[in-house]
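Listing of protein_35.txt; format and content: compact mmCIF, C-alpha atoms.
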```
# COMPACT_ATOMS: atom_id res chain seq x y z
CA MET A 1 0.00 0.00 0.00
CA LYS A 2 1.44 3.34 -1.08
CA ASN A 3 0.59 6.66 0.50
CA ARG A 4 0.74 10.38 -0.28
CA MET A 5 1.48 11.46 3.26
CA ARG A 6 4.80 13.14 2.49
CA VAL A 7 3.25 15.29 -0.26
CA LEU A 8 0.16 16.17 1.79
CA ARG A 9 2.32 16.98 4.81
CA ALA A 10 4.46 19.29 2.66
CA GLU A 11 1.29 21.02 1.38
CA LYS A 12 0.23 21.66 4.96
CA ASP A 13 3.80 22.63 5.87
CA TRP A 14 3.71 20.20 8.79
CA THR A 15 6.64 18.37 10.33
CA GLN A 16 6.34 14.67 11.13
CA ALA A 17 6.15 15.61 14.82
CA GLN A 18 3.22 17.98 14.13
CA LEU A 19 1.33 15.30 12.21
CA ALA A 20 2.07 12.85 15.03
CA SER A 21 0.66 15.33 17.53
CA VAL A 22 -2.49 15.93 15.45
CA THR A 23 -3.16 12.20 15.00
CA GLY A 24 -2.15 11.25 18.56
CA VAL A 25 0.60 8.77 17.66
CA SER A 26 4.37 8.74 18.02
CA ARG A 27 6.63 10.39 15.43
CA GLN A 28 8.19 6.95 14.84
CA ALA A 29 4.77 5.70 13.73
CA ILE A 30 4.47 8.54 11.19
CA VAL A 31 8.00 7.87 9.89
CA ALA A 32 7.28 4.14 9.47
CA ILE A 33 3.93 4.74 7.71
CA GLU A 34 5.33 7.49 5.47
CA ASN A 35 8.22 5.23 4.38
CA GLY A 36 5.79 2.41 3.61
CA LYS A 37 7.36 0.18 6.28
CA TYR A 38 4.20 -0.05 8.35
CA GLU A 39 0.57 -0.16 7.26
CA PRO A 40 -1.79 1.49 9.74
CA ALA A 41 -5.03 -0.09 10.92
CA LEU A 42 -8.26 1.51 9.71
CA PRO A 43 -8.86 3.88 12.68
CA LEU A 44 -5.39 5.40 12.34
CA ALA A 45 -5.68 5.56 8.54
CA PHE A 46 -8.94 7.51 8.97
CA LYS A 47 -7.36 9.81 11.58
CA ILE A 48 -4.47 10.59 9.22
CA ALA A 49 -6.83 11.20 6.30
CA ARG A 50 -9.05 13.46 8.44
CA ALA A 51 -5.98 15.41 9.57
CA PHE A 52 -5.31 16.21 5.90
CA GLU A 53 -9.05 16.83 5.32
CA LYS A 54 -9.07 14.04 2.72
CA ASN A 55 -10.76 10.69 2.22
CA VAL A 56 -8.74 7.59 3.12
CA GLU A 57 -8.34 6.64 -0.53
CA GLU A 58 -6.88 10.05 -1.35
CA VAL A 59 -4.10 9.40 1.16
CA PHE A 60 -3.57 5.64 0.94
CA ILE A 61 -3.38 3.89 -2.40
CA TRP A 62 -4.25 0.21 -2.31
CA GLU A 63 -2.25 -1.91 -4.76
CA ASN A 64 -3.89 -5.23 -5.39
CA HIS A 65 -0.95 -7.54 -6.11
CA THR A 66 -3.11 -10.35 -7.51
CA GLU A 67 -4.69 -7.96 -10.02
CA LYS A 68 -1.28 -6.61 -11.01
CA GLU A 69 0.13 -10.10 -11.51
CA ALA A 70 -2.87 -11.13 -13.67
CA THR A 71 -2.40 -8.22 -16.09
CA MET B 1 12.82 12.28 35.92
CA LYS B 2 11.01 14.68 33.55
CA TYR B 3 13.21 13.49 30.66
CA LEU B 4 12.25 9.85 31.31
CA THR B 5 8.56 10.74 31.73
CA ASP B 6 8.62 12.65 28.41
CA ARG B 7 10.42 9.77 26.66
CA ILE B 8 7.72 7.30 27.77
CA ALA B 9 4.89 9.77 27.09
CA CYS B 10 6.00 10.45 23.48
CA SER B 11 4.97 6.87 22.62
CA GLY B 12 1.36 7.73 23.38
CA VAL B 13 1.42 6.86 27.08
CA ASN B 14 -0.49 9.26 29.33
CA PRO B 15 2.14 11.49 31.08
CA ARG B 16 0.49 10.79 34.45
CA THR B 17 0.77 7.01 33.91
CA ALA B 18 4.44 7.48 32.91
CA LYS B 19 5.14 9.49 36.08
CA VAL B 20 3.34 7.00 38.38
CA LEU B 21 5.16 4.10 36.67
CA LEU B 22 8.57 5.68 37.18
CA LEU B 23 7.85 6.54 40.83
CA THR B 24 6.54 3.00 41.50
CA LEU B 25 9.63 1.50 39.82
CA LEU B 26 11.87 3.70 41.96
CA SER B 27 9.99 2.80 45.16
CA SER B 28 10.15 -0.89 44.20
CA VAL B 29 13.95 -0.72 43.82
CA VAL B 30 14.26 1.06 47.21
CA ILE B 31 12.15 -1.70 48.84
CA ASP B 32 14.34 -4.36 47.14
CA ILE B 33 17.53 -2.78 48.49
CA GLY B 34 15.93 -2.33 51.94
CA ALA B 35 14.83 -5.99 52.05
CA ILE B 36 18.28 -7.27 51.04
CA TRP B 37 19.93 -4.94 53.58
CA ALA B 38 17.55 -6.07 56.37
CA LEU B 39 18.14 -9.77 55.60
CA ARG B 40 21.91 -9.24 55.76
CA HIS B 41 22.13 -6.99 58.82
CA PHE B 42 19.38 -8.13 61.21
CA GLU B 43 19.05 -11.33 63.18
CA LEU B 44 15.44 -12.16 62.30
CA GLY B 45 13.25 -15.12 63.10
CA SER B 46 12.11 -17.47 60.34
CA ALA B 47 8.66 -15.86 59.89
CA ALA B 48 10.14 -12.35 59.91
CA ARG B 49 12.77 -13.35 57.32
CA ILE B 50 10.04 -14.71 55.02
CA ALA B 51 7.97 -11.54 55.54
CA VAL B 52 10.97 -9.33 54.68
CA ALA B 53 11.88 -11.53 51.69
CA LEU B 54 8.33 -11.20 50.33
CA SER B 55 8.01 -7.47 51.06
CA PRO B 56 9.03 -6.45 47.48
CA VAL B 57 6.20 -8.55 45.93
CA PRO B 58 3.33 -5.97 46.22
CA GLY B 59 5.56 -3.34 44.60
CA LYS B 60 6.39 -5.72 41.76
CA ILE B 61 2.68 -6.49 41.21
CA ALA B 62 1.99 -2.73 41.07
CA VAL B 63 4.80 -2.32 38.51
CA ILE B 64 3.36 -5.13 36.34
CA ALA B 65 -0.12 -3.54 36.48
CA LEU B 66 1.27 -0.12 35.56
CA ILE B 67 3.36 -1.51 32.68
CA LEU B 68 0.23 -3.22 31.35
CA ARG B 69 -1.67 0.08 31.62
CA ALA B 70 1.16 1.87 29.81
CA ILE B 71 1.26 -0.76 27.04
CA ARG B 72 -2.49 -0.37 26.50
CA GLN B 73 -1.97 3.37 26.03
CA LEU B 74 0.75 2.94 23.39
CA ASP B 75 -0.11 3.69 19.79
CA GLU B 76 -0.56 0.71 17.43
CA PHE B 77 2.93 1.07 15.94
CA GLN B 78 4.65 1.10 19.35
CA LYS B 79 2.58 -1.94 20.36
CA ARG B 80 3.94 -3.76 17.29
CA VAL B 81 7.53 -2.78 18.17
CA HIS B 82 7.20 -3.98 21.76
CA PHE B 83 5.40 -7.16 20.71
CA GLU B 84 8.33 -8.03 18.43
CA ALA B 85 10.79 -7.13 21.21
CA VAL B 86 8.99 -9.42 23.68
CA THR B 87 9.05 -12.23 21.08
CA VAL B 88 12.80 -11.77 20.55
CA ALA B 89 13.42 -11.65 24.34
CA PHE B 90 11.26 -14.71 25.07
CA LEU B 91 12.69 -16.92 22.32
CA SER B 92 16.31 -15.79 22.73
CA THR B 93 16.19 -16.37 26.50
CA GLY B 94 14.77 -19.84 25.84
CA VAL B 95 17.61 -20.63 23.42
CA ALA B 96 20.20 -19.22 25.86
CA VAL B 97 18.85 -21.40 28.70
CA PHE B 98 18.90 -24.49 26.43
CA VAL B 99 22.48 -23.78 25.36
CA TYR B 100 23.49 -23.24 28.98
CA GLY B 101 21.83 -26.55 29.88
CA TYR B 102 23.86 -28.40 27.23
CA LEU B 103 27.05 -26.72 28.45
CA GLN B 104 26.14 -27.75 31.99
CA LYS B 105 25.75 -31.36 30.85
CA ALA B 106 29.18 -31.08 29.22
CA GLN B 107 30.40 -29.80 32.62
CA ALA B 108 31.76 -26.70 30.89
CA VAL B 109 29.85 -24.26 33.14
CA GLY B 110 28.60 -24.16 36.73
CA PRO B 111 24.97 -24.09 37.98
CA LEU B 112 22.65 -21.49 36.41
CA ASP B 113 22.12 -18.31 38.42
CA LEU B 114 18.43 -17.33 37.94
CA GLY B 115 19.28 -13.64 38.38
CA ARG B 116 21.34 -13.84 35.19
CA VAL B 117 18.37 -15.24 33.24
CA TRP B 118 16.41 -12.07 34.05
CA THR B 119 19.36 -9.89 33.06
CA PHE B 120 19.67 -11.72 29.73
CA MET B 121 15.93 -11.36 29.12
CA LEU B 122 16.23 -7.58 29.61
CA LEU B 123 19.24 -7.48 27.29
CA PHE B 124 17.42 -9.46 24.60
CA TYR B 125 14.36 -7.20 25.01
CA ALA B 126 16.52 -4.11 24.40
CA ILE B 127 18.04 -5.81 21.34
CA GLY B 128 14.51 -6.68 20.15
CA VAL B 129 13.36 -3.04 20.45
CA PHE B 130 16.47 -1.94 18.52
CA ILE B 131 15.90 -4.50 15.73
CA ALA B 132 12.17 -3.68 15.40
CA ARG B 133 12.76 0.09 15.31
CA LYS B 134 15.50 -0.36 12.71
CA HIS B 135 13.23 -2.63 10.63
CA TYR B 136 10.39 -0.08 10.50
CA ARG B 137 12.58 3.03 10.01
```
Could I get this structure in the form of structure tokens?
Amino acid sequence: MKNRMRVLRAEKDWTQAQLASVTGVSRQAIVAIENGKYEPALPLAFKIARAFEKNVEEVFIWENHTEKEAT
Amino acid sequence: MKYLTDRIACSGVNPRTAKVLLLTLLSSVVIDIGAIWALRHFELGSAARIAVALSPVPGKIAVIALILRAIRQLDEFQKRVHFEAVTVAFLSTGVAVFVYGYLQKAQAVGPLDLGRVWTFMLLFYAIGVFIARKHYR
């Protein structure tokens, strides 16, 4: 799953620490999610999307590997 | 103290829980030292010695309860990190005890000191936290 967090954060001119504070998680969590190393559960994904005033699918891009392999 | 409280709190733990946990840990260590000192320096009867030896137990139970409370307040990512660290600590300590047992059978080492097992578990836990944080960076 890819995400647009880095771009959206830059648009808001937020640091990772500020986003962490807004969403109520640690900065390490934001770093891991932003780098695609950790996929958040739905409640956190919604919190992050709401922080950017976006829908979840505007922030997180689901890549269906089975679909990709089939094509 | 404030530095440690802030370090724990930045993982999502309530600052009050972090402060209470640190104070309870500190009190628990003081009780430990006091109990050891009393057992070494006082001529106590059998019942009194047992009572002094068990005096650190309530503090330890309080520490366990507070650590559980703190873990429940962690964010989902920190929970994952600590879960992996606990797994590393548990399995590595198991392997270390097995290896020590084989060495004991080979008469290469003396009897196992249980205090060292706890120290190794803490060491493996710290290594586990380091590995997990590095993995998700």
Please build the interface table for chain B against chain A with a cut-off of 8 Å, listing for each qualifying residue the nearest atom pair and the distance in Å to one decimal; count only C-alpha atoms, order rows by chain and increasing number, and write it as CSV.
```
residue,atom,partner,partner_atom,distance
B:Cys10,CA,A:Ser26,CA,5.9
B:Ser11,CA,A:Ser26,CA,5.0
B:Gly12,CA,A:Val25,CA,5.9
B:Asp75,CA,A:Val25,CA,5.6
B:Glu76,CA,A:Pro40,CA,7.8
B:Phe77,CA,A:Ala29,CA,5.5
B:Gln78,CA,A:Ala29,CA,7.3
B:His135,CA,A:Lys37,CA,7.8
B:Tyr136,CA,A:Lys37,CA,5.2
B:Arg137,CA,A:Ala32,CA,5.4
```
Option closest in space to B:Asp113, from B:Gly101, B:Arg49, B:Val29, B:Leu74 [counting all atoms listed in the file]: B:Gly101
Who sits within 8 Å of A:Ile61, only C-alpha atoms, same chain under 4 positions skipped, as an MDAnalysis selection string: chainID A and resid 1:4 57
Distance of atom CA of B:His41 from atom CA of B:Thr119, expressed in Å to one decimal place: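 Going from atom CA of B:Thr119 over to atom CA of B:His41 covers 26.1 Å.
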Pairwise distance for atom CA of B:Val97 and atom CA of B:Val63, rounded to one decimal in Å: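 Interatomic distance, atom CA of B:Val97 to atom CA of B:Val63: 25.6 Å.
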Long-range neighbours of A:Arg9 as a PyMOL selection string, 10 Å cut-off, only C-alpha atoms, 4 positions minimum in chain: chain A and resi 4-5+13-16+18-19+34+51-52
Computed interatomic separation between atom CA of B:Phe90 and atom CA of B:Ala62 (Å): 22.0 Å
Please provide the set of residues having any atom within 9 Å of B:Ala35, restricted to only C-alpha atoms, with same-chain residues fewer than 3 positions apart removed, written as a CSV table (one decimal) with C-alpha atoms, in the frame of the given file.
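Writing done, so here's out39.csv:
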```csv
chain,number,residue,atom,x,y,z
B,30,VAL,CA,14.3,1.1,47.2
B,31,ILE,CA,12.2,-1.7,48.8
B,32,ASP,CA,14.3,-4.4,47.1
B,38,ALA,CA,17.6,-6.1,56.4
B,39,LEU,CA,18.1,-9.8,55.6
B,40,ARG,CA,21.9,-9.2,55.8
B,52,VAL,CA,11.0,-9.3,54.7
B,53,ALA,CA,11.9,-11.5,51.7
B,54,LEU,CA,8.3,-11.2,50.3
B,55,SER,CA,8.0,-7.5,51.1
B,56,PRO,CA,9.0,-6.4,47.5
```
Near-B:Ala70 list (9 Å; all atoms listed in the file; drop same-chain fewer than 4 positions) as a PDB file with C-alpha atoms, in the coordinates of the input:
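Dumped to part-v8.pdb:
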```
ATOM      1  CA  ILE B   8       7.720   7.300  27.770  1.00  0.00           C
ATOM      2  CA  GLY B  12       1.360   7.730  23.380  1.00  0.00           C
ATOM      3  CA  VAL B  13       1.420   6.860  27.080  1.00  0.00           C
ATOM      4  CA  ASN B  14      -0.490   9.260  29.330  1.00  0.00           C
ATOM      5  CA  THR B  17       0.770   7.010  33.910  1.00  0.00           C
ATOM      6  CA  ALA B  18       4.440   7.480  32.910  1.00  0.00           C
ATOM      7  CA  LEU B  21       5.160   4.100  36.670  1.00  0.00           C
ATOM      8  CA  ALA B  65      -0.120  -3.540  36.480  1.00  0.00           C
ATOM      9  CA  LEU B  66       1.270  -0.120  35.560  1.00  0.00           C
ATOM     10  CA  LEU B  74       0.750   2.940  23.390  1.00  0.00           C
TER      11      LEU B  74
END
```
